[in-house]
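J.: Sharing a structure, written as structure tokens. Questions coming.
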Amino acid sequence: MLERVKQDLRRELKKALINSGVVEAEIPEIVFETPKHVKFGDLSSNIALWAAKKLKKDPRAAANDLLTALKFDRAMISRVEPAGPGFINFFLAESYLYALIKKAAAGEKFYTSNAGGGKSVNLEFVSANPVGPLNVVNARAAAAGNVICNLLKNAGFLVTKEFYINNVGVQTNTFGRSISLRYLEALGQKIEFPEDCYGGEYVKEIAKTFIEKEGSKYLSLTEEERIAVFKPAGVQLMLDWQEKSLKNYGVEFDIWFKESELHEKKELTRAFKVLEEKGMTKEEEGARWFTSTAVLNKEGNPVDDKDRVLIKSDGTPTYLLPDIAYHFSKISRGFDYIIDILGPDHHGYIGRISAAVSIGGLPLENFRILIAQQVNLLKDGKPFKMSKRQGNFISMDELVEEVGPDAAKYFFLRRSLDSHLDFDIDLAKKQTDENPVFYVQYAHARICNVIEFAKTSGIKEPELDTVNYALLASPEEAGLMRKVACFADTLQHAALNYDPHLVPKYIEELAQLYHSFYARHRVVSEDKELSAARLALCLGTRNIIRAGLEILGVTAPAKM
RNA sequence: GCGCCCGUAGCGCAAUUGGAUAGAGCAUCUGGCUUCGAACCAGAAGGCUGCAGGUUCAAGUCCUGCCGGGCGCACCA
């Protein structure tokens, strides 16, 4: 919607630029920003500042010249003016805003875009090892991944949400061994539980369920045989648990991809061969290496700082090889874009995986690794780490149980993904004005109540085609309409930059504007025409708050 | 030592990716319910953006060097 206005302006500005003597090929993509101050209009462009340099003119003069040559559609833009050091500010026409609020009130999804053009995206996130319950960083990644998916879909991408299961390797073996030891222990044997085994209570519980179901029949087996039984069964239990935790949290995946599948299909060997054929391997010190430092980015710098071992001198592969094979699998499945959300302990992998993906044939700019940074839980202002049930860390389930899925997700999403986050448990639980989740949910509930009140007061639902929107003339009303108008912009910006935290910010601002409007103006009054116009504004605002919360995966209750 | 994240109001954070007078919230102070939800609103106060240079019409944002905090470094996964 607003994108169309921008398209038109872009085209006309380009004409005006060429007119004033700029070479067409040199013109950069003309971008608009929404200024911080209303007095600077609704859209702003700095293109005159750029042109001034090219034409060796005074920036103000360049802006003026552009303006005299510029044609624009009065139905969308009411006013254009030069400002400051050479900005050009555009003011949206009232009629344009009225049309938008009408769409919003009618519940039309005017905020979708086709920036993605139907391109496909593989979005991998959480991908926790199936040897324990999900933790709070997993919860953060889950919240963010889900929103990035929603945002990309809203922007016209086709998104597949994928969870990678590391069900092969040392960790799962250790897990099987841990269960085996707890099994013996529960049956009265003296055991020594090693440091490197999984010490969580849940391992004991798993061992107990085996005893409850099948008694002591595994006692007679060798440890190796017992592990062979417990490992796959335990992994399956963990997977079921993780899936249940995520579902309870409101996050579901399209594909659960097992590492074992790569081994069964000989994908590791194949991936190695691909690297070898492209001349990206070397042999040194008895090991086979991936010469990842030979892969250069656009600036001509290596994307990785060290070459990496693929096959150790003892002939076994490192973890990197299956990871490469996995990414090759994603590429061969035909995705246009691949995005991984990894935990804080994985930021060292960005280089090597990027290098591999590039060799696998996906352009580097179509691959992105996002890091879900560390989460520090705080309670009573102090770090909160110990869990009663796990002994070593707070699980995602415990956090969600404590503060509820809405607050948990909302708090994770307010901060950008790759920054450290202090999560204040007390604040998230508070049902007061200190808690931003309640602020926006309250605004939504309040609007619902006003709409309900209008109904019971005998005010008919406004006929959106005949509403006199020009009555919405106060600064509060105008501010609300302008905010509604840039929802689409916010969503698109958040999508293209993988930046979910812009959405909570936007709806908090929208809620704030609504509360301010509500405090100053009565919606339902004797004046039927005015009531209808304000109701339309209420409907529109409510729909946008609801849509924003829906993208965040947070509920929008009508009463609270 | 190398790499990543961070340093902005008392606190926890924003700042449209280089734009105009650095912004909202909480906490503090002042005022506002006899009418649609006061879980709200209006106002006040609060700043050398860690420090020092540099790049340019323009720097919280980019470059260089320091200072401080967090995380990570493997032929482990």
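Following the order of the structure tokens, first chain is A, next is B, and so on, with residues numbered from 1 inside each chain and ligands from 1 in the order they appear.
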Counting only C-alpha atoms (C1' of nucleotides), which residues of chain B sit at most 12 Å from some atom of chain A, and what is each one's closest atom pair with its distance in Å to one decimal, listed by chain and rising residue number, as JSON lines?
T.:
```
{"residue": "B:C2", "atom": "C1'", "partner": "A:Asp305", "partner_atom": "CA", "distance": 9.8}
{"residue": "B:G3", "atom": "C1'", "partner": "A:Gly348", "partner_atom": "CA", "distance": 7.3}
{"residue": "B:C4", "atom": "C1'", "partner": "A:His347", "partner_atom": "CA", "distance": 6.4}
{"residue": "B:C5", "atom": "C1'", "partner": "A:Ser419", "partner_atom": "CA", "distance": 5.9}
{"residue": "B:C6", "atom": "C1'", "partner": "A:Ser419", "partner_atom": "CA", "distance": 7.1}
{"residue": "B:C11", "atom": "C1'", "partner": "A:Gly381", "partner_atom": "CA", "distance": 10.9}
{"residue": "B:G12", "atom": "C1'", "partner": "A:Asp422", "partner_atom": "CA", "distance": 8.2}
{"residue": "B:C13", "atom": "C1'", "partner": "A:Arg415", "partner_atom": "CA", "distance": 8.0}
{"residue": "B:A14", "atom": "C1'", "partner": "A:Lys505", "partner_atom": "CA", "distance": 8.2}
{"residue": "B:A15", "atom": "C1'", "partner": "A:Lys36", "partner_atom": "CA", "distance": 9.4}
{"residue": "B:U16", "atom": "C1'", "partner": "A:Glu33", "partner_atom": "CA", "distance": 6.1}
{"residue": "B:U17", "atom": "C1'", "partner": "A:Asn497", "partner_atom": "CA", "distance": 9.5}
{"residue": "B:G18", "atom": "C1'", "partner": "A:Asn46", "partner_atom": "CA", "distance": 11.0}
{"residue": "B:G19", "atom": "C1'", "partner": "A:Asn46", "partner_atom": "CA", "distance": 7.8}
{"residue": "B:A20", "atom": "C1'", "partner": "A:Gly84", "partner_atom": "CA", "distance": 6.0}
{"residue": "B:U21", "atom": "C1'", "partner": "A:His37", "partner_atom": "CA", "distance": 9.8}
{"residue": "B:A22", "atom": "C1'", "partner": "A:Lys36", "partner_atom": "CA", "distance": 11.0}
{"residue": "B:G23", "atom": "C1'", "partner": "A:Lys36", "partner_atom": "CA", "distance": 9.0}
{"residue": "B:A24", "atom": "C1'", "partner": "A:Glu509", "partner_atom": "CA", "distance": 8.0}
{"residue": "B:G25", "atom": "C1'", "partner": "A:Glu434", "partner_atom": "CA", "distance": 7.8}
{"residue": "B:C26", "atom": "C1'", "partner": "A:Glu434", "partner_atom": "CA", "distance": 5.9}
{"residue": "B:A27", "atom": "C1'", "partner": "A:Glu434", "partner_atom": "CA", "distance": 9.9}
{"residue": "B:G32", "atom": "C1'", "partner": "A:Ala519", "partner_atom": "CA", "distance": 10.1}
{"residue": "B:C33", "atom": "C1'", "partner": "A:Ala519", "partner_atom": "CA", "distance": 10.9}
{"residue": "B:U35", "atom": "C1'", "partner": "A:Arg522", "partner_atom": "CA", "distance": 8.9}
{"residue": "B:C36", "atom": "C1'", "partner": "A:Val450", "partner_atom": "CA", "distance": 5.1}
{"residue": "B:G37", "atom": "C1'", "partner": "A:Arg446", "partner_atom": "CA", "distance": 5.7}
{"residue": "B:A38", "atom": "C1'", "partner": "A:Ala519", "partner_atom": "CA", "distance": 10.0}
{"residue": "B:A39", "atom": "C1'", "partner": "A:Thr432", "partner_atom": "CA", "distance": 5.3}
{"residue": "B:C40", "atom": "C1'", "partner": "A:His515", "partner_atom": "CA", "distance": 6.7}
{"residue": "B:C41", "atom": "C1'", "partner": "A:Ala519", "partner_atom": "CA", "distance": 5.5}
{"residue": "B:A42", "atom": "C1'", "partner": "A:Ser516", "partner_atom": "CA", "distance": 9.0}
{"residue": "B:U56", "atom": "C1'", "partner": "A:Lys53", "partner_atom": "CA", "distance": 11.1}
{"residue": "B:C57", "atom": "C1'", "partner": "A:Pro85", "partner_atom": "CA", "distance": 7.5}
{"residue": "B:A58", "atom": "C1'", "partner": "A:Pro85", "partner_atom": "CA", "distance": 8.6}
{"residue": "B:G69", "atom": "C1'", "partner": "A:His420", "partner_atom": "CA", "distance": 11.5}
{"residue": "B:G70", "atom": "C1'", "partner": "A:His420", "partner_atom": "CA", "distance": 8.0}
{"residue": "B:C71", "atom": "C1'", "partner": "A:Pro344", "partner_atom": "CA", "distance": 7.2}
{"residue": "B:G72", "atom": "C1'", "partner": "A:Asp345", "partner_atom": "CA", "distance": 6.0}
{"residue": "B:C73", "atom": "C1'", "partner": "A:Gly348", "partner_atom": "CA", "distance": 8.0}
{"residue": "B:A74", "atom": "C1'", "partner": "A:Val309", "partner_atom": "CA", "distance": 10.5}
{"residue": "B:C75", "atom": "C1'", "partner": "A:Lys312", "partner_atom": "CA", "distance": 4.7}
{"residue": "B:C76", "atom": "C1'", "partner": "A:Thr318", "partner_atom": "CA", "distance": 8.8}
{"residue": "B:A77", "atom": "C1'", "partner": "A:Gln171", "partner_atom": "CA", "distance": 6.5}
```
J.: Would you kindly return, as a PyMOL selection string, each protein, DNA or RNA residue with an atom no farther than 12 Å from any atom of Ile544 in chain A, considering only C-alpha atoms (C1' of nucleotides) and excluding same-chain residues fewer than 4 positions away?
T.: chain A and resi 100-101+103-111+440+443-444+447+480-481+483-488+490-491+503+506-511+514+537-540+548-551+556
J.: So which residues of range 74-270 of chain A fall under helix (DSSP H, G or I) by DSSP, listed as a PyMOL selection string?
T.: chain A and resi 94-106+136-154+170-186+201-214+223-249+259-264+267-270
J.: Report the distance between CA of Ile353 in chain A and CA of Ser127 in chain A in Å, rounded to one decimal place.
T.: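 If I compute the distance from CA of Ile353 in chain A to CA of Ser127 in chain A, I get 15.7 Å.
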J.: Could you give me, as number ranges by chain, each residue of range 309-486 of chain A that DSSP assigns to strand (DSSP E or B) when run on this structure's backbone?
T.: A: 309-311, 317, 337-342, 367-371, 375-379, 382-383, 395, 421-424
J.: Contacts of A45 in chain B at 12 Å or less, counting only C-alpha atoms (C1' of nucleotides), minus same-chain residues fewer than 5 places along, as a list in words?
T.: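 Using only C-alpha atoms (C1' of nucleotides), the neighbours found are A9, U28, C29 and U30 of chain B.
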J.: For a test of reading the model, state the distance in Å between CA of Glu261 in chain A and CA of Ile324 in chain A, rounded to one decimal.
T.: 13.8 Å
J.: If you measure from CA of Arg140 in chain A to CA of Glu124 in chain A, what distance in Å do you get, rounded to one decimal?
T.: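 CA of Glu124 in chain A lies at a distance of 13.7 Å from CA of Arg140 in chain A.
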